[in-house]
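Asks: Quick one, model_4.tsv (TSV, C-alpha atoms and all ligand atoms):
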chain	number	residue	atom	x	y	z
G	7	MET	CA	9.61	-1.34	21.80
G	8	GLN	CA	8.10	1.97	20.76
G	9	THR	CA	10.32	5.02	20.46
G	10	THR	CA	10.14	8.76	20.88
G	11	LEU	CA	12.67	11.58	20.59
G	12	HIS	CA	15.37	11.77	23.21
G	13	SER	CA	14.91	15.56	23.51
G	14	PRO	CA	13.13	18.39	21.64
G	15	VAL	CA	14.40	19.64	18.29
G	16	THR	CA	13.44	22.91	16.55
G	17	PHE	CA	13.09	23.80	12.85
G	18	ASP	CA	12.51	27.33	11.51
G	19	GLY	CA	11.47	28.15	7.96
G	20	VAL	CA	8.61	29.29	5.75
G	21	GLY	CA	5.56	27.48	4.44
G	22	LEU	CA	5.84	26.49	0.76
G	23	HIS	CA	2.32	27.59	-0.08
G	24	SER	CA	1.70	30.32	2.51
G	25	GLY	CA	5.18	31.87	2.39
G	26	ALA	CA	4.73	32.65	6.10
G	27	PRO	CA	7.51	32.15	8.71
G	28	VAL	CA	6.85	29.17	10.95
G	29	ARG	CA	8.58	27.30	13.78
G	30	VAL	CA	8.19	23.58	14.48
G	31	VAL	CA	9.37	21.96	17.72
G	32	LEU	CA	9.35	18.14	17.83
G	33	ARG	CA	8.90	17.01	21.43
G	34	PRO	CA	9.11	13.60	23.13
G	35	ALA	CA	5.74	11.91	23.77
G	36	GLY	CA	4.62	8.88	25.75
G	37	ALA	CA	3.61	5.41	24.61
G	38	GLU	CA	0.61	5.12	22.27
G	39	SER	CA	0.63	8.88	21.58
G	40	GLY	CA	1.47	8.42	17.90
G	41	ILE	CA	2.38	11.57	15.99
G	42	VAL	CA	0.22	14.54	16.98
G	43	PHE	CA	0.45	18.16	15.83
G	44	ARG	CA	-0.39	21.00	18.24
G	45	ARG	CA	-1.21	24.51	16.97
G	46	VAL	CA	0.53	26.46	19.74
G	47	ASP	CA	-0.37	29.82	18.14
G	48	LEU	CA	-4.11	29.30	18.65
G	49	PRO	CA	-6.26	29.57	21.81
G	50	GLY	CA	-6.45	26.23	23.61
G	51	GLN	CA	-3.60	24.87	21.48
G	52	PRO	CA	-5.73	22.48	19.41
G	53	ILE	CA	-4.40	18.95	18.82
G	54	LEU	CA	-4.41	17.35	15.37
G	55	PRO	CA	-3.62	13.61	15.25
G	56	ALA	CA	-1.52	12.87	12.15
G	57	ARG	CA	-3.89	10.14	11.09
G	58	TRP	CA	-5.54	9.24	7.77
G	59	ASP	CA	-9.03	9.97	9.10
G	60	HIS	CA	-8.00	13.56	9.91
G	61	VAL	CA	-6.54	14.18	6.42
G	62	VAL	CA	-8.46	16.34	3.95
G	63	VAL	CA	-7.95	15.58	0.30
G	64	SER	CA	-5.75	18.10	-1.42
G	65	PRO	CA	-3.84	17.55	-4.67
G	66	LEU	CA	-0.72	19.51	-3.73
G	67	ASN	CA	-0.04	18.50	-0.15
G	68	THR	CA	-1.33	16.56	2.84
G	69	ARG	CA	-3.40	18.60	5.26
G	70	LEU	CA	-4.83	17.75	8.67
G	71	VAL	CA	-8.05	19.32	9.87
G	72	THR	CA	-10.04	19.23	13.12
G	73	ALA	CA	-13.82	19.23	13.45
G	74	ALA	CA	-13.51	22.94	14.32
G	75	GLY	CA	-11.67	23.63	11.05
G	76	VAL	CA	-8.15	24.08	12.45
G	77	THR	CA	-5.57	22.92	9.90
G	78	VAL	CA	-1.92	22.00	9.50
G	79	SER	CA	-0.73	21.67	5.90
G	80	THR	CA	2.20	20.04	4.10
G	81	ILE	CA	2.92	17.48	6.83
G	82	GLU	CA	4.24	14.84	4.41
G	83	HIS	CA	8.00	15.52	4.42
G	84	LEU	CA	8.15	15.71	8.22
G	85	MET	CA	6.02	12.55	8.45
G	86	ALA	CA	8.43	10.80	6.07
G	87	ALA	CA	11.37	11.80	8.27
G	88	LEU	CA	9.62	10.51	11.40
G	89	SER	CA	8.73	7.25	9.67
G	90	GLY	CA	12.13	6.83	8.05
G	91	CYS	CA	13.95	7.47	11.34
G	92	GLY	CA	11.66	5.11	13.28
G	93	VAL	CA	10.00	7.70	15.57
G	94	HIS	CA	6.69	6.26	16.81
G	95	ASN	CA	5.56	8.93	19.27
G	96	ALA	CA	6.04	12.72	19.09
G	97	VAL	CA	4.22	15.98	19.72
G	98	VAL	CA	4.82	18.44	16.89
G	99	ASP	CA	4.35	21.98	18.18
G	100	ILE	CA	3.76	24.39	15.30
G	101	ASP	CA	3.02	28.13	15.44
G	102	GLY	CA	1.27	28.42	12.09
G	103	PRO	CA	-0.84	26.51	9.55
G	104	GLU	CA	1.93	25.01	7.41
G	105	VAL	CA	5.06	22.95	8.12
G	106	PRO	CA	8.23	24.73	6.90
G	107	ILE	CA	9.44	23.59	3.49
G	108	LEU	CA	13.17	23.99	4.39
G	109	ASP	CA	15.11	22.81	1.29
G	110	GLY	CA	12.09	20.99	-0.17
G	111	SER	CA	13.27	17.57	1.03
G	112	ALA	CA	13.18	15.74	4.36
G	113	ALA	CA	16.94	15.85	4.90
G	114	ALA	CA	17.01	18.64	7.49
G	115	PHE	CA	14.26	16.95	9.51
G	116	VAL	CA	16.23	13.69	9.40
G	117	ARG	CA	19.43	15.44	10.49
G	118	GLY	CA	17.66	17.13	13.41
G	119	ILE	CA	15.96	13.93	14.55
G	120	MET	CA	19.14	11.88	14.31
G	121	HIS	CA	21.11	14.60	16.07
G	122	VAL	CA	18.93	14.46	19.21
G	123	GLY	CA	18.45	10.69	18.87
G	124	LEU	CA	15.67	8.38	19.98
G	125	ALA	CA	14.57	7.02	23.34
G	126	THR	CA	12.55	3.85	23.87
G	127	VAL	CA	9.26	4.02	25.75
G	128	SER	CA	7.95	1.10	27.76
G	129	ALA	CA	5.32	-0.23	25.39
G	130	PRO	CA	5.50	-2.91	22.71
G	131	LEU	CA	5.47	-1.80	19.09
G	132	ARG	CA	2.77	-3.00	16.73
G	133	ALA	CA	2.76	-2.88	12.95
G	134	ILE	CA	-0.04	-2.99	10.39
G	135	GLU	CA	0.22	-6.14	8.31
G	136	ILE	CA	-1.50	-6.02	4.92
G	137	LEU	CA	-3.55	-9.21	4.41
G	138	ARG	CA	-5.33	-8.55	1.10
G	139	ASP	CA	-4.72	-6.50	-2.03
G	140	VAL	CA	-6.28	-3.03	-1.87
G	141	THR	CA	-6.24	-0.78	-4.95
G	142	VAL	CA	-7.57	2.68	-5.77
G	143	THR	CA	-7.63	3.94	-9.35
G	144	ASP	CA	-8.45	7.46	-10.48
G	145	GLY	CA	-8.00	8.12	-14.19
G	146	VAL	CA	-4.33	7.41	-15.03
G	147	SER	CA	-3.37	7.21	-11.33
G	148	THR	CA	-3.24	4.02	-9.29
G	149	ALA	CA	-2.19	3.27	-5.71
G	150	SER	CA	-2.21	-0.18	-4.15
G	151	LEU	CA	-1.13	-2.12	-1.08
G	152	THR	CA	-0.37	-5.84	-1.24
G	153	PRO	CA	0.97	-8.31	1.35
G	154	ALA	CA	4.75	-8.28	1.99
G	155	THR	CA	7.06	-8.93	4.94
G	156	THR	CA	8.60	-5.42	4.87
G	157	LEU	CA	7.49	-2.02	3.68
G	158	GLN	CA	8.33	-1.89	-0.02
G	159	ILE	CA	7.62	1.24	-2.09
G	160	ASP	CA	7.39	1.00	-5.89
G	161	PHE	CA	6.69	4.17	-7.85
G	162	GLN	CA	6.28	5.19	-11.48
G	163	ILE	CA	5.83	8.69	-12.87
G	164	ASP	CA	5.34	9.79	-16.45
G	165	PHE	CA	5.50	13.50	-17.29
G	166	GLU	CA	5.37	15.14	-20.70
G	167	GLU	CA	8.15	17.47	-19.52
G	168	PRO	CA	11.24	15.86	-21.14
G	169	ALA	CA	13.45	16.79	-18.16
G	170	ILE	CA	11.24	14.54	-15.98
G	171	GLY	CA	9.87	11.98	-18.43
G	172	ARG	CA	9.20	8.44	-17.29
G	173	GLN	CA	10.89	7.32	-14.06
G	174	GLN	CA	10.48	4.13	-12.03
G	175	LYS	CA	12.08	3.04	-8.76
G	176	SER	CA	11.51	0.28	-6.18
G	177	LEU	CA	12.96	0.22	-2.69
G	178	ASN	CA	12.69	-2.00	0.33
G	179	MET	CA	12.42	0.56	3.14
G	180	ALA	CA	14.26	-1.65	5.66
G	181	ASN	CA	17.87	-0.97	6.64
G	182	GLY	CA	17.76	2.81	6.44
G	183	ALA	CA	17.03	2.98	2.70
G	184	PHE	CA	14.98	6.12	3.27
G	185	VAL	CA	17.82	8.00	4.94
G	186	ARG	CA	20.45	6.93	2.43
G	187	GLN	CA	18.46	7.06	-0.80
G	188	LEU	CA	15.32	9.19	-0.53
G	189	CYS	CA	15.44	11.81	2.20
G	190	ASP	CA	17.40	14.46	0.25
G	191	SER	CA	15.15	14.42	-2.84
G	192	ARG	CA	13.31	17.72	-3.19
G	193	THR	CA	9.77	18.63	-4.12
G	194	PHE	CA	9.43	19.58	-7.76
G	195	CYS	CA	7.16	21.30	-10.22
G	196	ARG	CA	7.09	22.48	-13.80
G	197	ALA	CA	7.76	26.13	-14.61
G	198	SER	CA	4.30	26.23	-16.18
G	199	ASP	CA	2.77	25.18	-12.83
G	200	VAL	CA	4.35	28.05	-10.91
G	201	ASP	CA	2.26	30.85	-12.45
G	202	VAL	CA	-0.94	28.85	-12.00
G	203	MET	CA	-0.16	28.11	-8.33
G	204	ARG	CA	0.79	31.74	-7.61
G	205	ALA	CA	-2.42	32.96	-9.27
G	206	ASN	CA	-4.29	30.68	-6.84
G	207	GLY	CA	-2.36	31.97	-3.84
G	208	LEU	CA	-0.17	28.86	-3.61
G	209	ALA	CA	3.60	28.28	-3.67
G	210	LEU	CA	4.10	31.80	-2.28
G	211	GLY	CA	7.10	30.51	-0.31
G	212	GLY	CA	8.48	28.55	-3.26
G	213	THR	CA	11.91	29.48	-4.58
G	214	LEU	CA	14.59	27.78	-6.64
G	215	ASN	CA	16.22	26.98	-3.29
G	216	ASN	CA	13.38	24.80	-1.99
G	217	ALA	CA	11.95	23.17	-5.10
G	218	VAL	CA	13.29	21.68	-8.30
G	219	VAL	CA	11.72	23.53	-11.22
G	220	PHE	CA	11.67	21.76	-14.59
G	221	ASP	CA	11.12	23.65	-17.85
G	222	GLY	CA	11.06	21.54	-21.01
G	223	HIS	CA	14.47	19.88	-21.24
G	224	GLN	CA	15.94	22.14	-18.55
G	225	VAL	CA	16.36	22.04	-14.79
G	226	LEU	CA	16.14	25.68	-13.64
G	227	THR	CA	17.30	25.04	-10.07
G	228	PRO	CA	20.93	26.17	-9.55
G	229	GLY	CA	23.22	23.19	-9.04
G	230	GLY	CA	20.83	20.89	-10.92
G	231	LEU	CA	19.56	17.60	-9.59
G	232	ARG	CA	20.76	15.69	-6.53
G	233	HIS	CA	19.90	12.40	-8.31
G	234	PRO	CA	19.10	11.83	-12.00
G	235	ASP	CA	15.75	10.40	-10.83
G	236	GLU	CA	15.20	12.91	-8.02
G	237	ALA	CA	11.55	13.40	-9.04
G	238	VAL	CA	10.47	9.77	-8.54
G	239	ARG	CA	12.53	9.57	-5.35
G	240	HIS	CA	10.62	12.56	-4.00
G	241	LYS	CA	7.32	10.89	-4.88
G	242	MET	CA	8.47	7.86	-2.85
G	243	LEU	CA	9.37	10.19	0.03
G	244	ASP	CA	5.87	11.69	-0.15
G	245	ALA	CA	4.35	8.19	-0.19
G	246	LEU	CA	6.31	7.12	2.89
G	247	GLY	CA	5.11	10.23	4.74
G	248	ASP	CA	1.50	9.80	3.65
G	249	LEU	CA	1.53	6.09	4.55
G	250	TYR	CA	2.68	6.98	8.07
G	251	THR	CA	-0.73	8.54	8.65
G	252	ALA	CA	-1.84	4.89	8.96
G	253	GLY	CA	-0.78	5.39	12.60
G	254	ALA	CA	1.91	2.69	12.74
G	255	PRO	CA	4.56	1.11	10.50
G	256	ILE	CA	3.09	-0.85	7.57
G	257	LEU	CA	4.26	-4.30	6.50
G	258	GLY	CA	3.22	-4.41	2.87
G	259	ARG	CA	4.09	-3.35	-0.64
G	260	TYR	CA	2.87	0.05	-1.83
G	261	THR	CA	2.73	0.63	-5.57
G	262	GLY	CA	2.08	4.14	-6.86
G	263	ILE	CA	1.59	4.85	-10.56
G	264	ARG	CA	1.30	8.60	-11.17
G	265	ALA	CA	-0.11	8.64	-7.65
G	266	GLY	CA	-0.36	11.64	-5.34
G	267	HIS	CA	-1.40	12.61	-1.83
G	268	ALA	CA	-5.14	12.35	-2.42
G	269	ILE	CA	-5.15	8.84	-3.87
G	270	THR	CA	-2.82	7.53	-1.14
G	271	ASN	CA	-5.25	8.84	1.47
G	272	ARG	CA	-8.15	7.16	-0.34
G	273	LEU	CA	-6.07	3.96	-0.32
G	274	LEU	CA	-5.70	4.11	3.48
G	275	ARG	CA	-9.42	4.79	3.88
G	276	GLN	CA	-10.19	1.74	1.73
G	277	LEU	CA	-7.65	-0.38	3.66
G	278	PHE	CA	-9.23	0.39	7.02
G	279	ASP	CA	-12.78	0.16	5.69
G	280	GLN	CA	-12.65	-3.68	5.72
G	281	PRO	CA	-11.27	-5.48	8.80
G	282	GLU	CA	-10.24	-8.41	6.56
G	283	ASN	CA	-7.70	-6.20	4.74
G	284	TRP	CA	-5.21	-5.94	7.62
G	285	ARG	CA	-4.31	-6.93	11.16
G	286	TRP	CA	-2.12	-5.73	14.01
G	287	VAL	CA	1.07	-7.72	14.53
G	288	ALA	CA	3.37	-7.46	17.53
G	289	CYS	CA	6.87	-6.51	16.36
G	290	ASP	CA	9.20	-9.26	17.53
G	291	ALA	CA	12.94	-8.81	17.01
G	292	ALA	CA	12.79	-10.21	13.46
G	293	ILE	CA	10.03	-7.82	12.36
G	294	ALA	CA	11.53	-4.84	14.19
G	295	ALA	CA	14.83	-5.37	12.38
G	296	ARG	CA	13.04	-4.93	9.04
G	297	LEU	CA	11.40	-1.58	9.86
G	298	PRO	CA	12.55	1.75	8.35
G	299	GLY	CA	15.06	3.60	10.48
G	300	VAL	CA	16.73	0.60	12.05
G	301	GLY	CA	20.50	0.72	12.00
G	302	VAL	CA	20.94	4.16	10.43
G	303	SER	CA	23.43	6.75	11.63
G	304	LEU	CA	24.20	10.37	10.76
G	305	ALA	CA	26.98	9.08	8.51
G	306	ASP	CA	24.31	7.56	6.24
G	307	LEU	CA	22.77	10.97	5.58
G	308	PRO	CA	23.70	12.39	2.15
G	309	ALA	CA	26.25	15.18	2.41
G	310	VAL	CA	23.79	17.69	0.99
G	311	ALA	CA	21.71	17.76	4.19
F	401	ZN	ZN	6.58	16.34	-1.36
Using structure tokens, write down the structure from this file.

Replies:
Amino acid sequence: MQTTLHSPVTFDGVGLHSGAPVRVVLRPAGAESGIVFRRVDLPGQPILPARWDHVVVSPLNTRLVTAAGVTVSTIEHLMAALSGCGVHNAVVDIDGPEVPILDGSAAAFVRGIMHVGLATVSAPLRAIEILRDVTVTDGVSTASLTPATTLQIDFQIDFEEPAIGRQQKSLNMANGAFVRQLCDSRTFCRASDVDVMRANGLALGGTLNNAVVFDGHQVLTPGGLRHPDEAVRHKMLDALGDLYTAGAPILGRYTGIRAGHAITNRLLRQLFDQPENWRWVACDAAIAARLPGVGVSLADLPAVA
């Protein structure tokens, strides 16, 4: 069956790029609602479905936009938490244009969601089964989806910065792998990126407490890394969140090579462009047991959260 939140849960913080204070309240929603954002600070409280066809391409984050130009930015870590905890329906009330960055990971969202818990709603759950290989390439970046019986995420990154370097990781997202292995990995950047972003009015809310900053061989963030390969784990977290804009759980293998938000969105657009690429499948007990978020508890959450 589909799920929603058992009760509302609130998160307060600042936007990574805007630096502005913002409050998010996740609220229960009915069957077939999906994940929808609602700008409660604006007249008429515009609704923004968290769906691939409402995403505007942006290299640094994932942003939703309405036909009237209303936006919500940096949805990806919250979307990853909703996907990884198995939340299928929710209204996300937000009183500003950017989701709070919190500690730069999805751990606090996961803790809040798991604290209030989930409720089932009386509608069967469907998943998106990948039927054919779909690939998007852009320069040195590639993203692809291929048929598989669970959601598998494979990721490779390759940075000149020696402290990041080449990292590769593969995870089957069944059995709470997201909560145990990915959700506490923080967003990251290079020290050289910070000045460029600030000059462009971005990362104004960024601090060493909500992003891992790499400089040459060094990690500038106090306390260092949460995982030796925290950077690639965060890219997998981003991919899980971006893939959830498909509108339902995906059964397929995602491979990202130096991929980012924009190419993953192009991948979803290409997937849904051809009806032969995918089909809806009803989630029987066997499929449901293989979805992210099944069987996890607060005890699985890394102690850092
Ligand atoms: Zn991210």

Asks: Residues within 8 Å of range 178-184 of chain G, please, as a VMD selection string. Count all atoms listed in the file; anything in the same chain fewer than 5 positions from it doesn't count.

Replies: chain G and resid 90 to 91 156 to 159 189 243 295 to 302

Asks: Quick one: everything within 12 Å of Gln173 in chain G, counting only C-alpha atoms, minus sequence neighbours fewer than 3 positions away in the same chain. Send it as a list in words.

Replies: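 Those residues are Asp160, Phe161, Gln162, Ile163, Asp164, Phe165, Glu166, Glu167, Pro168, Ala169, Ile170, Ser176, His233, Pro234, Asp235, Glu236, Ala237, Val238, Arg239, His240, Lys241, Met242, Gly262, Ile263 and Arg264 of chain G.
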
Asks: Please identify the residues whose atoms come within 10 Å of ligand ZN 401 (chain F), using all atoms listed in the file, and report them as JSON, numbers by chain.

Replies: {"G": [66, 67, 68, 80, 81, 82, 83, 84, 86, 107, 110, 111, 112, 191, 192, 193, 194, 217, 237, 239, 240, 241, 242, 243, 244, 245, 247, 248, 266, 267]}

Asks: Using Å and a single decimal, report how far CA of Pro106 in chain G sits from CA of Val30 in chain G.

Replies: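 So the two atoms, CA of Val30 in chain G and CA of Pro106 in chain G, lie 7.7 Å apart.
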
Asks: Kindly give the distance, in Å, that separates CA of Arg69 in chain G and CA of Ser147 in chain G, rounded to a single decimal.

Replies: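 If I compute the distance from CA of Arg69 in chain G to CA of Ser147 in chain G, I get 20.1 Å.
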
Asks: Grab the CA of Asp59 in chain G to CA of Glu104 in chain G distance for me, in Å with one decimal place.

Replies: 18.7 Å

Asks: Do you know which residues are at most 10 Å from Asn215 in chain G counting only C-alpha atoms, after dropping those on the same chain fewer than 2 positions away, and could you put them as a list in words?

Replies: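 That gives Leu108, Asp109, Gly110, Arg192, Gly212, Thr213, Ala217, Val218, Val219, Thr227, Pro228 and Gly229 of chain G.
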
Asks: Restricting it to C-alpha atoms, dump the selection as a short mmCIF file (atom, residue, chain, number, x, y, z; two decimals), in the coordinates of the input.

Replies:
data_model
loop_
_atom_site.label_atom_id
_atom_site.label_comp_id
_atom_site.auth_asym_id
_atom_site.auth_seq_id
_atom_site.Cartn_x
_atom_site.Cartn_y
_atom_site.Cartn_z
CA LEU G 108 13.17 23.99 4.39
CA ASP G 109 15.11 22.81 1.29
CA GLY G 110 12.09 20.99 -0.17
CA ARG G 192 13.31 17.72 -3.19
CA GLY G 212 8.48 28.55 -3.26
CA THR G 213 11.91 29.48 -4.58
CA ALA G 217 11.95 23.17 -5.10
CA VAL G 218 13.29 21.68 -8.30
CA VAL G 219 11.72 23.53 -11.22
CA THR G 227 17.30 25.04 -10.07
CA PRO G 228 20.93 26.17 -9.55
CA GLY G 229 23.22 23.19 -9.04
#

Asks: Residues of range 68-163 of chain G that approach range 37-52 of chain G to 7 Å or less, counting only C-alpha atoms: could you list each one with the shortest pair of atoms and its distance in Å to one decimal, rows by chain and increasing residue number, as JSON lines?

Replies:
{"residue": "G:His94", "atom": "CA", "partner": "G:Gly40", "partner_atom": "CA", "distance": 5.8}
{"residue": "G:Asn95", "atom": "CA", "partner": "G:Gly40", "partner_atom": "CA", "distance": 4.3}
{"residue": "G:Ala96", "atom": "CA", "partner": "G:Ile41", "partner_atom": "CA", "distance": 4.9}
{"residue": "G:Val97", "atom": "CA", "partner": "G:Val42", "partner_atom": "CA", "distance": 5.1}
{"residue": "G:Val98", "atom": "CA", "partner": "G:Phe43", "partner_atom": "CA", "distance": 4.5}
{"residue": "G:Asp99", "atom": "CA", "partner": "G:Arg44", "partner_atom": "CA", "distance": 4.8}
{"residue": "G:Ile100", "atom": "CA", "partner": "G:Arg45", "partner_atom": "CA", "distance": 5.2}
{"residue": "G:Asp101", "atom": "CA", "partner": "G:Asp47", "partner_atom": "CA", "distance": 4.7}
{"residue": "G:Gly102", "atom": "CA", "partner": "G:Asp47", "partner_atom": "CA", "distance": 6.4}
{"residue": "G:Val127", "atom": "CA", "partner": "G:Ala37", "partner_atom": "CA", "distance": 5.9}
{"residue": "G:Ser128", "atom": "CA", "partner": "G:Ala37", "partner_atom": "CA", "distance": 6.9}
{"residue": "G:Ala129", "atom": "CA", "partner": "G:Ala37", "partner_atom": "CA", "distance": 5.9}

Asks: Measuring between only C-alpha atoms, which one of G:Leu88, G:Val78, G:Leu273, G:Leu70 shows the shortest distance to Leu32 in chain G?

Replies: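 Comparing G:Leu88, G:Val78, G:Leu273, G:Leu70 against Leu32 in chain G, the winner is G:Leu88.
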
Asks: Calculated over only C-alpha atoms, which of the candidates G:Asn216, G:Leu208, G:Tyr250, G:Ala149 has the smallest distance to Gly92 in chain G?

Replies: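 For Gly92 in chain G, the nearest of the given residues is G:Tyr250.
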
Asks: Between G:Arg204, G:Arg117, G:His12, G:Arg259, which residue has the minimum interatomic distance to Ile136 in chain G, considering all atoms listed in the file?

Replies: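 Under the stated criterion, the closest residue is G:Arg259.
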
Asks: Please tell me which residues are no farther than 6 Å from (-6.2, 17.8, 7.7) in the file, counting all atoms listed in the file, and write them as number ranges by chain.

Replies: G: 60-62, 69-71, 77

Asks: Kindly save the residues from that selection, with C-alpha atoms included, as a compact mmCIF listing (two decimals), keeping the file's coordinate frame.

Replies:
# COMPACT_ATOMS: atom_id res chain seq x y z
CA HIS G 60 -8.00 13.56 9.91
CA VAL G 61 -6.54 14.18 6.42
CA VAL G 62 -8.46 16.34 3.95
CA ARG G 69 -3.40 18.60 5.26
CA LEU G 70 -4.83 17.75 8.67
CA VAL G 71 -8.05 19.32 9.87
CA THR G 77 -5.57 22.92 9.90

Asks: Which protein, DNA or RNA residues are at most 9 Å from (-5.5, -9.9, 5.3) in the file's coordinates when you count all atoms listed in the file, listed as a tab-separated table (two decimals) with C-alpha atoms, in the coordinates of the input?

Replies:
chain	number	residue	atom	x	y	z
G	135	GLU	CA	0.22	-6.14	8.31
G	136	ILE	CA	-1.50	-6.02	4.92
G	137	LEU	CA	-3.55	-9.21	4.41
G	138	ARG	CA	-5.33	-8.55	1.10
G	139	ASP	CA	-4.72	-6.50	-2.03
G	153	PRO	CA	0.97	-8.31	1.35
G	281	PRO	CA	-11.27	-5.48	8.80
G	282	GLU	CA	-10.24	-8.41	6.56
G	283	ASN	CA	-7.70	-6.20	4.74
G	284	TRP	CA	-5.21	-5.94	7.62
G	285	ARG	CA	-4.31	-6.93	11.16

Asks: Please provide as a ChimeraX atom specification all residues within 10 Å of Ser198 in chain G, with the sequence filter that same-chain residues fewer than 2 positions apart are discarded (counting all atoms listed in the file).

Replies: /G:195-196,200-203,219-222

Asks: For a quick check of understanding, using all atoms listed in the file, which of G:Leu22, G:Ala113, G:Gln276, G:Trp58 has the smallest distance to Leu188 in chain G?

Replies: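 Nearest candidate to Leu188 in chain G out of G:Leu22, G:Ala113, G:Gln276, G:Trp58: G:Ala113.
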
Asks: Take every atom of range 117-128 of chain G listed in the file, fit an axis-aligned box around them, add 4 Å per side, and give the centre and edge lengths in Å to one decimal as JSON.

Replies:
{"center_x": 14.5, "center_y": 9.1, "center_z": 19.1, "size_x": 21.2, "size_y": 24.0, "size_z": 25.3}

Asks: So, with all atoms listed in the file as the atoms that count, which of G:Met7, G:Ala292, G:Val76, G:Ala252 lies closest to Ala56 in chain G?

Replies: G:Ala252

Asks: Within 8 Å of Ala288 in chain G, counting only C-alpha atoms, which residues show up once you throw out same-chain ones fewer than 2 positions away? Write them as a PyMOL selection string, please.

Replies: chain G and resi 130-133+286+290

Asks: Using all atoms listed in the file, find the one residue out of G:Thr261, G:Val63, G:Pro255, G:Asp144 that sits nearest to Gln8 in chain G.

Replies: G:Pro255
